[in-house]
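Structure first, commentary second.
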Amino acid sequence: MNKVHNNKAWWLVLPVFLLVAFSAIVPMMTVVNYSVQDIFDPSTRIFVGFDWYKQVLQDPRLHDSLLRQFIYSGCVLLIEIPLGIAIALTMPTKGRWASLCLIVMAIPLLIPWNVVGTIWQIFGRADIGLLGWSLNEAGIDYNYASNTMDAWVTVLVMDVWHWTSLVALLCYSGLRAIPDVYYQAARIDRASAWAVFRHIQLPKMKSVLLIAVLLRFMDSFMIYTEPFVLTGGGPGNATTFLSQTLTKMAIGQFDLGPAAAFSLVYFLIILLLSWLFYTAMTHADKNR
Amino acid sequence: MGWMAWTLPTAIFFGAIALILVGMTVWEIRSPCAERRGFLPIATTRGDRLFIGLLGSAYWHLLILGVTDWSIWIASLLSMLWLFAVMRWG
Amino acid sequence: MNLRKKMVLALYILFLLVPIYWLLNMSFKSNTEILGGLTFWPQDFTLANYKVIFTDPSWYEGYLNSLYYVCLNTVISLTVALPAAYAFSRYRFLGDKHLFFWLLTNRMAPPAVFLLPFFQLYSSIGLFDTHIAVALAHCLFSVPLAVWILEGFMSGVPKEIDETAYIDGYSFPKFFVKIFIPLIGSGIGVTAFFCFMFSWVELLLARTLTSVNAKPIVAVMTRTVSASGIDWGVLAAAGVLTILPGMLVIWFVRNHVAKGFALGRV
């Protein structure tokens with residue numbers, strides 16, 4: 001669409017700008033202020049320059065949780081994106097079954113995140129949970145609270161359970177936008193199912209897939225509640241991701257300075273990654 | 001305002017950012033700029049280059065703080081060069 | 001081929017529903033039965049767990065608190081996002097692209113980063129432990145999301161409609177309320193649904209910004225989890241009850257929800 005150049009449009013954006021500025025810029029400034037000081041109480045504080053940053057950047061806890069975070073987000077994308085596409089391809093196109101499918105698939109997305117954790121906490125327990133019980137009956141020694149591997153698998157399966165529907169729904173709506181003419185042409189050419197997917201469906205899904213990758217990457221990168229409820233970050237620190245390390249520092253130990261420095265480093269990582277994804281997205285839109 | 005724990009250096013920092021934004025706005029009104037291709041892989045406007053420059057500067061600081069024991073001023077100097085290069089040739 | 005497709009879909013849906021079935025199953029059992037052994041169906045069907053929730057004020061007030069701030073958040077987000085989304089979809093203006101990206105970064109920013117300053121900010125202006133504090137904090141991610149989705153829906157409305165209305169002598173506010181808003185009704189519904197959903201499922205900010213008066217249900221639940229002897233039955237019942245509001249609202253937007261998940265961009 002050709003947009004008119006009109007700077008008066010700023011008046012329409014102003015309420016949003018003020019509201020978000022109040023909730024984003026003021027806190028951000030505060031974080032920057034905290035990050036350069038050692039704060040004992042509001043009146044006793046010492047300027048320490050970049051010391052906290054140095055400490056945080058060289059802190060093995062940060063390195064470990066950052067590494068875990070990237071592995072986790074990578075796994076999430078590798079499993080959920082192909083699975084989501086596959087599910088979207090199998091969904092019925094219209095009729096009552098289609099709406100029913102949509103609603104059932106949306107259910108996990110509407111459950112509060114700590115309840116998701118609770119559901120899997122119960123489901124995976126060996127004494128009262130169906131999953132843990134049946135695995136142990138089948139002769140597999142499974143305990144997500146003490147075995148690192150089991151904890152990881154459980155957290156990942158929980159995330160797949162929770163969020164694959166989002167990817168599937170996105171792809172589904174992308175597929176719905178393909179006109180029937182394309183499929184008819186493919187039938188005339190006797191194109192194989194793979195060729196239809198590769199040359200018709202995948203290109204049409206590109207823009208929604210980018211949104212899906214963006215949302216899934218960002219949301220998995222800030223995951224906090226579900227592993228917090230399910231494993232509490234354990235066993236040991238095996239499932240402690242960035243948000244949890246930060247929350248422990250900020251609210252648990254009330255280390256204002258280091259927590260603020262950590263927040264800013266975390267935010268910079270997010271800022272760079274979301275900028276890269278967003279630029280890729282807008283360029284894909286432009287070249288469509 | 002007490003809870004925000006302002007210090008002089010951070011106040012100067014935010015003041016500078018605000019000044020740059022105001023300056024860029026005035027510049028844009030006086031002489032609107034067009035997108036162009038420089039050494040960066042995408043076509044950018046002036047504002048995009050400023051953002052890339054500032055984000056890059058932040059990462060230069062983190063890099064030098066994280067892996068070296070150099071003075072922070074070296075990082076700042078590098079960042080200024082980087083910012084200038086991106087604005088001019090990016 | 002078609003049968004295989006149906007099998008895959010059926011398996012996936014089974015995978016989605018089994019954990020929920022287990023939660024529902026447990027919510028109708030007594031604690032002795034839960035801990036006594038594994039049963040696939042409540043042997044001794046009881047509503048006692050639900051009765052606990054509906055009679056204990058700390059439980060049901062949690063629900064009311066959550067619903068209250070979630071609705072507040074949805075109303076605030078929609079009110080400010082509607083004009084802004086219109087501006088983004090119809091006009092180019094100074095710094096529009098950067099402003100849009102800045103809004104999105106707030107959707108992407110981890111709530112944990114804002115935890116500490118929010119706590120201090122709302123304490124200092126005396127809003128700590130009020131519903132409006134949580135609603136405002138949730139605006140941080142719901143407003144950008146609302147602008148994003150609405151902008152997608154509005155871009156689908158041809159611009160000729162605006163122009164015709166202006167020629168017919170409509171003023172901007174009158175045109176916006178009388179003609180434009182009804183046109184994108186489904187988009188507004190879907191946006192409201194998303195604001196509702198993301199505010200309803202969030203725990204970290206809601207828990208940090210409240211202590212007693214505005215304590216949300218999700219925080220009440222974590223308290224029970226950390227208590228030494230866990231009351232599994234009541235916990236499961238509370239979980240089931242938190243799923244219901246989402247299922248109610250999704251019914252109204254079922255036909256548009258896929259488009260909404262694609263942020264109106266299909």
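In the structure tokens, chains take letters A, B, ... by order of appearance, with residues numbered from 1 within each chain and ligands from 1 in the order shown.
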
Long-range neighbours of Pro82 (chain A) as a list of chain:residue names, 10 Å cut-off, only C-alpha atoms, 4 positions minimum in chain: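 Neighbouring residues, sequence-local ones excluded: A:Leu77, A:Leu78, A:Ala86, A:Ile87, A:Ala88, A:Thr164, A:Val167, A:Ala168.
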
Could you write out as a PDB file with N, CA, C and O atoms, in the first residue's frame the residues of chain C within 7 Å of chain A, counting only C-alpha atoms?
```
ATOM      1  N   LYS C   5      -1.936 -39.036   7.066  1.00  0.00           N
ATOM      2  CA  LYS C   5      -2.092 -37.673   7.566  1.00  0.00           C
ATOM      3  C   LYS C   5      -2.970 -37.646   8.810  1.00  0.00           C
ATOM      4  O   LYS C   5      -2.652 -37.029   9.809  1.00  0.00           O
ATOM      5  N   LYS C   6      -4.099 -38.361   8.711  1.00  0.00           N
ATOM      6  CA  LYS C   6      -5.035 -38.364   9.835  1.00  0.00           C
ATOM      7  C   LYS C   6      -4.398 -38.988  11.063  1.00  0.00           C
ATOM      8  O   LYS C   6      -4.605 -38.533  12.180  1.00  0.00           O
ATOM      9  N   LEU C   9      -2.039 -36.448  12.723  1.00  0.00           N
ATOM     10  CA  LEU C   9      -2.804 -35.426  13.419  1.00  0.00           C
ATOM     11  C   LEU C   9      -3.425 -35.987  14.694  1.00  0.00           C
ATOM     12  O   LEU C   9      -3.365 -35.368  15.762  1.00  0.00           O
ATOM     13  N   LEU C  16      -1.376 -33.826  22.919  1.00  0.00           N
ATOM     14  CA  LEU C  16      -1.789 -32.583  23.575  1.00  0.00           C
ATOM     15  C   LEU C  16      -2.759 -32.848  24.713  1.00  0.00           C
ATOM     16  O   LEU C  16      -2.734 -32.171  25.739  1.00  0.00           O
ATOM     17  N   PRO C  19      -1.866 -35.107  28.865  1.00  0.00           N
ATOM     18  CA  PRO C  19      -1.520 -34.448  30.131  1.00  0.00           C
ATOM     19  C   PRO C  19      -2.689 -33.689  30.743  1.00  0.00           C
ATOM     20  O   PRO C  19      -2.846 -33.658  31.965  1.00  0.00           O
ATOM     21  N   TRP C  22      -4.959 -36.067  32.424  1.00  0.00           N
ATOM     22  CA  TRP C  22      -4.405 -36.513  33.699  1.00  0.00           C
ATOM     23  C   TRP C  22      -4.682 -35.486  34.796  1.00  0.00           C
ATOM     24  O   TRP C  22      -5.011 -35.832  35.931  1.00  0.00           O
ATOM     25  N   LEU C  23      -4.559 -34.182  34.435  1.00  0.00           N
ATOM     26  CA  LEU C  23      -4.840 -33.126  35.402  1.00  0.00           C
ATOM     27  C   LEU C  23      -6.304 -33.178  35.830  1.00  0.00           C
ATOM     28  O   LEU C  23      -6.625 -33.099  37.022  1.00  0.00           O
ATOM     29  N   ILE C  34      -5.012 -40.340  45.178  1.00  0.00           N
ATOM     30  CA  ILE C  34      -3.898 -39.920  44.328  1.00  0.00           C
ATOM     31  C   ILE C  34      -2.613 -40.594  44.767  1.00  0.00           C
ATOM     32  O   ILE C  34      -1.867 -41.148  43.962  1.00  0.00           O
ATOM     33  N   LEU C  35      -2.361 -40.556  46.081  1.00  0.00           N
ATOM     34  CA  LEU C  35      -1.099 -41.091  46.581  1.00  0.00           C
ATOM     35  C   LEU C  35      -1.152 -42.599  46.756  1.00  0.00           C
ATOM     36  O   LEU C  35      -0.126 -43.256  46.851  1.00  0.00           O
ATOM     37  N   LEU C  38      -2.030 -45.734  41.112  1.00  0.00           N
ATOM     38  CA  LEU C  38      -2.386 -45.127  39.843  1.00  0.00           C
ATOM     39  C   LEU C  38      -3.745 -45.650  39.374  1.00  0.00           C
ATOM     40  O   LEU C  38      -3.927 -46.842  39.218  1.00  0.00           O
ATOM     41  N   VAL C  80      -5.218   2.392  23.462  1.00  0.00           N
ATOM     42  CA  VAL C  80      -4.075   3.141  22.937  1.00  0.00           C
ATOM     43  C   VAL C  80      -3.579   2.556  21.621  1.00  0.00           C
ATOM     44  O   VAL C  80      -3.042   3.273  20.788  1.00  0.00           O
ATOM     45  N   ALA C  81      -3.773   1.246  21.414  1.00  0.00           N
ATOM     46  CA  ALA C  81      -3.179   0.621  20.227  1.00  0.00           C
ATOM     47  C   ALA C  81      -3.974   0.912  18.964  1.00  0.00           C
ATOM     48  O   ALA C  81      -3.395   0.953  17.879  1.00  0.00           O
ATOM     49  N   PRO C  83      -5.584   3.757  17.636  1.00  0.00           N
ATOM     50  CA  PRO C  83      -5.114   4.875  16.811  1.00  0.00           C
ATOM     51  C   PRO C  83      -3.688   4.686  16.323  1.00  0.00           C
ATOM     52  O   PRO C  83      -3.379   5.016  15.161  1.00  0.00           O
ATOM     53  N   ALA C  84      -2.824   4.116  17.166  1.00  0.00           N
ATOM     54  CA  ALA C  84      -1.427   3.956  16.764  1.00  0.00           C
ATOM     55  C   ALA C  84      -1.317   3.009  15.579  1.00  0.00           C
ATOM     56  O   ALA C  84      -0.592   3.272  14.613  1.00  0.00           O
ATOM     57  N   ALA C  87      -2.243   4.758  12.468  1.00  0.00           N
ATOM     58  CA  ALA C  87      -1.169   5.622  11.985  1.00  0.00           C
ATOM     59  C   ALA C  87      -0.106   4.807  11.262  1.00  0.00           C
ATOM     60  O   ALA C  87       0.345   5.166  10.175  1.00  0.00           O
ATOM     61  N   ARG C  90      -1.426   3.536   7.778  1.00  0.00           N
ATOM     62  CA  ARG C  90      -1.847   4.482   6.745  1.00  0.00           C
ATOM     63  C   ARG C  90      -0.801   5.541   6.393  1.00  0.00           C
ATOM     64  O   ARG C  90      -0.796   6.060   5.297  1.00  0.00           O
ATOM     65  N   TYR C  91       0.044   5.890   7.343  1.00  0.00           N
ATOM     66  CA  TYR C  91       0.931   7.023   7.102  1.00  0.00           C
ATOM     67  C   TYR C  91       2.389   6.632   7.244  1.00  0.00           C
ATOM     68  O   TYR C  91       2.733   5.689   7.957  1.00  0.00           O
ATOM     69  N   ARG C  92       3.221   7.423   6.529  1.00  0.00           N
ATOM     70  CA  ARG C  92       4.642   7.380   6.829  1.00  0.00           C
ATOM     71  C   ARG C  92       4.948   8.637   7.593  1.00  0.00           C
ATOM     72  O   ARG C  92       4.439   9.703   7.265  1.00  0.00           O
ATOM     73  N   PHE C  93       5.734   8.520   8.663  1.00  0.00           N
ATOM     74  CA  PHE C  93       6.087   9.726   9.396  1.00  0.00           C
ATOM     75  C   PHE C  93       7.492   9.582   9.945  1.00  0.00           C
ATOM     76  O   PHE C  93       8.092   8.494   9.883  1.00  0.00           O
ATOM     77  N   LEU C  94       7.971  10.676  10.466  1.00  0.00           N
ATOM     78  CA  LEU C  94       9.365  10.733  10.893  1.00  0.00           C
ATOM     79  C   LEU C  94       9.654   9.634  11.916  1.00  0.00           C
ATOM     80  O   LEU C  94       9.022   9.571  12.961  1.00  0.00           O
ATOM     81  N   THR C 105      10.798  -4.435  20.354  1.00  0.00           N
ATOM     82  CA  THR C 105      11.830  -4.901  21.280  1.00  0.00           C
ATOM     83  C   THR C 105      11.244  -5.074  22.676  1.00  0.00           C
ATOM     84  O   THR C 105      11.712  -5.914  23.443  1.00  0.00           O
ATOM     85  N   MET C 108       9.899  -8.354  22.941  1.00  0.00           N
ATOM     86  CA  MET C 108      10.938  -9.365  22.970  1.00  0.00           C
ATOM     87  C   MET C 108      11.729  -9.349  24.274  1.00  0.00           C
ATOM     88  O   MET C 108      12.414 -10.306  24.591  1.00  0.00           O
ATOM     89  N   ALA C 109      11.697  -8.228  24.987  1.00  0.00           N
ATOM     90  CA  ALA C 109      12.537  -8.117  26.179  1.00  0.00           C
ATOM     91  C   ALA C 109      12.053  -9.066  27.261  1.00  0.00           C
ATOM     92  O   ALA C 109      10.860  -9.183  27.496  1.00  0.00           O
ATOM     93  N   PRO C 110      12.965  -9.769  27.915  1.00  0.00           N
ATOM     94  CA  PRO C 110      12.558 -10.688  28.960  1.00  0.00           C
ATOM     95  C   PRO C 110      12.019  -9.917  30.162  1.00  0.00           C
ATOM     96  O   PRO C 110      12.648  -8.951  30.595  1.00  0.00           O
ATOM     97  N   ALA C 112      12.177 -10.581  33.109  1.00  0.00           N
ATOM     98  CA  ALA C 112      13.124 -10.627  34.218  1.00  0.00           C
ATOM     99  C   ALA C 112      13.991  -9.378  34.253  1.00  0.00           C
ATOM    100  O   ALA C 112      14.387  -8.919  35.324  1.00  0.00           O
ATOM    101  N   VAL C 113      14.278  -8.789  33.073  1.00  0.00           N
ATOM    102  CA  VAL C 113      15.113  -7.599  33.014  1.00  0.00           C
ATOM    103  C   VAL C 113      14.434  -6.423  33.715  1.00  0.00           C
ATOM    104  O   VAL C 113      15.077  -5.605  34.349  1.00  0.00           O
ATOM    105  N   PHE C 114      13.098  -6.358  33.574  1.00  0.00           N
ATOM    106  CA  PHE C 114      12.379  -5.212  34.111  1.00  0.00           C
ATOM    107  C   PHE C 114      11.890  -5.420  35.534  1.00  0.00           C
ATOM    108  O   PHE C 114      11.292  -4.529  36.129  1.00  0.00           O
ATOM    109  N   LEU C 116      13.250  -5.744  38.580  1.00  0.00           N
ATOM    110  CA  LEU C 116      13.761  -4.927  39.681  1.00  0.00           C
ATOM    111  C   LEU C 116      13.279  -3.483  39.586  1.00  0.00           C
ATOM    112  O   LEU C 116      12.683  -2.973  40.537  1.00  0.00           O
ATOM    113  N   PRO C 117      13.501  -2.806  38.426  1.00  0.00           N
ATOM    114  CA  PRO C 117      13.027  -1.426  38.341  1.00  0.00           C
ATOM    115  C   PRO C 117      11.515  -1.301  38.452  1.00  0.00           C
ATOM    116  O   PRO C 117      11.035  -0.329  39.030  1.00  0.00           O
ATOM    117  N   PHE C 118      10.762  -2.257  37.946  1.00  0.00           N
ATOM    118  CA  PHE C 118       9.309  -2.185  38.089  1.00  0.00           C
ATOM    119  C   PHE C 118       8.927  -2.199  39.554  1.00  0.00           C
ATOM    120  O   PHE C 118       8.089  -1.426  39.999  1.00  0.00           O
ATOM    121  N   ALA C 137       2.122  -2.930  33.908  1.00  0.00           N
ATOM    122  CA  ALA C 137       3.345  -3.681  33.624  1.00  0.00           C
ATOM    123  C   ALA C 137       3.126  -4.615  32.446  1.00  0.00           C
ATOM    124  O   ALA C 137       3.996  -4.757  31.584  1.00  0.00           O
ATOM    125  N   LEU C 140       3.508  -3.493  28.765  1.00  0.00           N
ATOM    126  CA  LEU C 140       4.830  -3.484  28.157  1.00  0.00           C
ATOM    127  C   LEU C 140       4.901  -4.458  26.988  1.00  0.00           C
ATOM    128  O   LEU C 140       5.488  -4.162  25.965  1.00  0.00           O
ATOM    129  N   MET C 197      -4.909 -13.310  26.643  1.00  0.00           N
ATOM    130  CA  MET C 197      -4.159 -14.546  26.811  1.00  0.00           C
ATOM    131  C   MET C 197      -2.770 -14.297  27.403  1.00  0.00           C
ATOM    132  O   MET C 197      -2.390 -14.931  28.388  1.00  0.00           O
ATOM    133  N   TRP C 200      -2.990 -13.241  30.948  1.00  0.00           N
ATOM    134  CA  TRP C 200      -3.510 -14.305  31.805  1.00  0.00           C
ATOM    135  C   TRP C 200      -2.433 -15.332  32.134  1.00  0.00           C
ATOM    136  O   TRP C 200      -2.376 -15.857  33.239  1.00  0.00           O
ATOM    137  N   VAL C 201      -1.554 -15.627  31.188  1.00  0.00           N
ATOM    138  CA  VAL C 201      -0.592 -16.695  31.406  1.00  0.00           C
ATOM    139  C   VAL C 201       0.683 -16.216  32.105  1.00  0.00           C
ATOM    140  O   VAL C 201       1.493 -17.036  32.521  1.00  0.00           O
ATOM    141  N   GLU C 202       0.876 -14.888  32.226  1.00  0.00           N
ATOM    142  CA  GLU C 202       2.145 -14.387  32.747  1.00  0.00           C
ATOM    143  C   GLU C 202       2.206 -14.552  34.266  1.00  0.00           C
ATOM    144  O   GLU C 202       1.230 -14.308  34.963  1.00  0.00           O
ATOM    145  N   LEU C 203       3.357 -14.949  34.769  1.00  0.00           N
ATOM    146  CA  LEU C 203       3.476 -15.154  36.208  1.00  0.00           C
ATOM    147  C   LEU C 203       4.475 -14.217  36.857  1.00  0.00           C
ATOM    148  O   LEU C 203       4.195 -13.603  37.889  1.00  0.00           O
ATOM    149  N   VAL C 218      -2.198 -17.332  39.776  1.00  0.00           N
ATOM    150  CA  VAL C 218      -0.979 -18.077  39.457  1.00  0.00           C
ATOM    151  C   VAL C 218       0.014 -18.014  40.616  1.00  0.00           C
ATOM    152  O   VAL C 218       0.731 -18.976  40.895  1.00  0.00           O
ATOM    153  N   GLY C 239      -5.622 -25.746  38.673  1.00  0.00           N
ATOM    154  CA  GLY C 239      -5.094 -25.736  37.313  1.00  0.00           C
ATOM    155  C   GLY C 239      -6.206 -25.852  36.287  1.00  0.00           C
ATOM    156  O   GLY C 239      -6.258 -25.090  35.324  1.00  0.00           O
ATOM    157  N   THR C 242      -7.967 -22.649  35.820  1.00  0.00           N
ATOM    158  CA  THR C 242      -7.279 -21.581  35.081  1.00  0.00           C
ATOM    159  C   THR C 242      -7.346 -21.815  33.578  1.00  0.00           C
ATOM    160  O   THR C 242      -7.100 -20.909  32.804  1.00  0.00           O
ATOM    161  N   ILE C 243      -7.649 -23.058  33.166  1.00  0.00           N
ATOM    162  CA  ILE C 243      -7.734 -23.320  31.728  1.00  0.00           C
ATOM    163  C   ILE C 243      -9.066 -22.817  31.178  1.00  0.00           C
ATOM    164  O   ILE C 243      -9.161 -22.418  30.020  1.00  0.00           O
ATOM    165  N   GLY C 246      -9.639 -19.226  29.256  1.00  0.00           N
ATOM    166  CA  GLY C 246      -9.044 -19.229  27.923  1.00  0.00           C
ATOM    167  C   GLY C 246      -9.934 -19.960  26.929  1.00  0.00           C
ATOM    168  O   GLY C 246     -10.159 -19.499  25.814  1.00  0.00           O
ATOM    169  N   MET C 247     -10.489 -21.103  27.351  1.00  0.00           N
ATOM    170  CA  MET C 247     -11.332 -21.871  26.444  1.00  0.00           C
ATOM    171  C   MET C 247     -12.616 -21.118  26.136  1.00  0.00           C
ATOM    172  O   MET C 247     -13.154 -21.210  25.038  1.00  0.00           O
ATOM    173  N   ARG C 254     -12.850 -18.249  17.311  1.00  0.00           N
ATOM    174  CA  ARG C 254     -12.305 -19.472  16.714  1.00  0.00           C
ATOM    175  C   ARG C 254     -12.041 -19.345  15.221  1.00  0.00           C
ATOM    176  O   ARG C 254     -11.094 -19.901  14.701  1.00  0.00           O
ATOM    177  N   ASN C 255     -12.890 -18.542  14.503  1.00  0.00           N
ATOM    178  CA  ASN C 255     -12.721 -18.484  13.052  1.00  0.00           C
ATOM    179  C   ASN C 255     -11.579 -17.574  12.630  1.00  0.00           C
ATOM    180  O   ASN C 255     -11.129 -17.626  11.500  1.00  0.00           O
ATOM    181  N   ALA C 258      -6.472 -18.244  13.672  1.00  0.00           N
ATOM    182  CA  ALA C 258      -5.278 -18.590  12.894  1.00  0.00           C
ATOM    183  C   ALA C 258      -4.678 -17.336  12.279  1.00  0.00           C
ATOM    184  O   ALA C 258      -3.466 -17.131  12.299  1.00  0.00           O
ATOM    185  N   LYS C 259      -5.566 -16.459  11.755  1.00  0.00           N
ATOM    186  CA  LYS C 259      -5.083 -15.212  11.174  1.00  0.00           C
ATOM    187  C   LYS C 259      -4.429 -14.346  12.252  1.00  0.00           C
ATOM    188  O   LYS C 259      -3.431 -13.668  12.008  1.00  0.00           O
ATOM    189  N   PHE C 261      -2.864 -15.416  14.927  1.00  0.00           N
ATOM    190  CA  PHE C 261      -1.543 -15.941  15.262  1.00  0.00           C
ATOM    191  C   PHE C 261      -0.518 -15.528  14.217  1.00  0.00           C
ATOM    192  O   PHE C 261       0.657 -15.410  14.510  1.00  0.00           O
ATOM    193  N   ALA C 262      -0.980 -15.301  12.981  1.00  0.00           N
ATOM    194  CA  ALA C 262      -0.062 -14.822  11.948  1.00  0.00           C
ATOM    195  C   ALA C 262       0.043 -13.306  12.006  1.00  0.00           C
ATOM    196  O   ALA C 262       0.540 -12.691  11.074  1.00  0.00           O
ATOM    197  N   VAL C 266      -1.567 -12.345   6.505  1.00  0.00           N
ATOM    198  CA  VAL C 266      -1.647 -13.489   5.600  1.00  0.00           C
ATOM    199  C   VAL C 266      -2.286 -13.026   4.308  1.00  0.00           C
ATOM    200  O   VAL C 266      -3.266 -12.319   4.355  1.00  0.00           O
TER     201      VAL C 266
END
```

Of the residues B:His61, B:Arg36, B:Arg46, B:Arg88, which is the one nearest to chain A, using only C-alpha atoms? B:His61

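Considering only C-alpha atoms, the residue among C:Leu127, C:Leu244, C:Ala135, C:Ile20 positioned nearest to Phe198 (chain C) is C:Ala135.
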
Would you kindly return, as a list in words, each protein, DNA or RNA residue with an atom no farther than 12 Å from any atom of Thr130 (chain C), considering only C-alpha atoms and excluding same-chain residues fewer than 2 positions away? Asn65, Ser66, Tyr68, Tyr69, Leu72, Tyr122, Ser123, Ile125, Gly126, Leu127, Phe128, Ile132, Ala133, Val134, Ala135, Leu136, Ala137, Ala206, Arg207, Thr208, Leu209, Thr210, Ser211, Val212, Asn213, Ala214, Lys215 and Pro216 of chain C
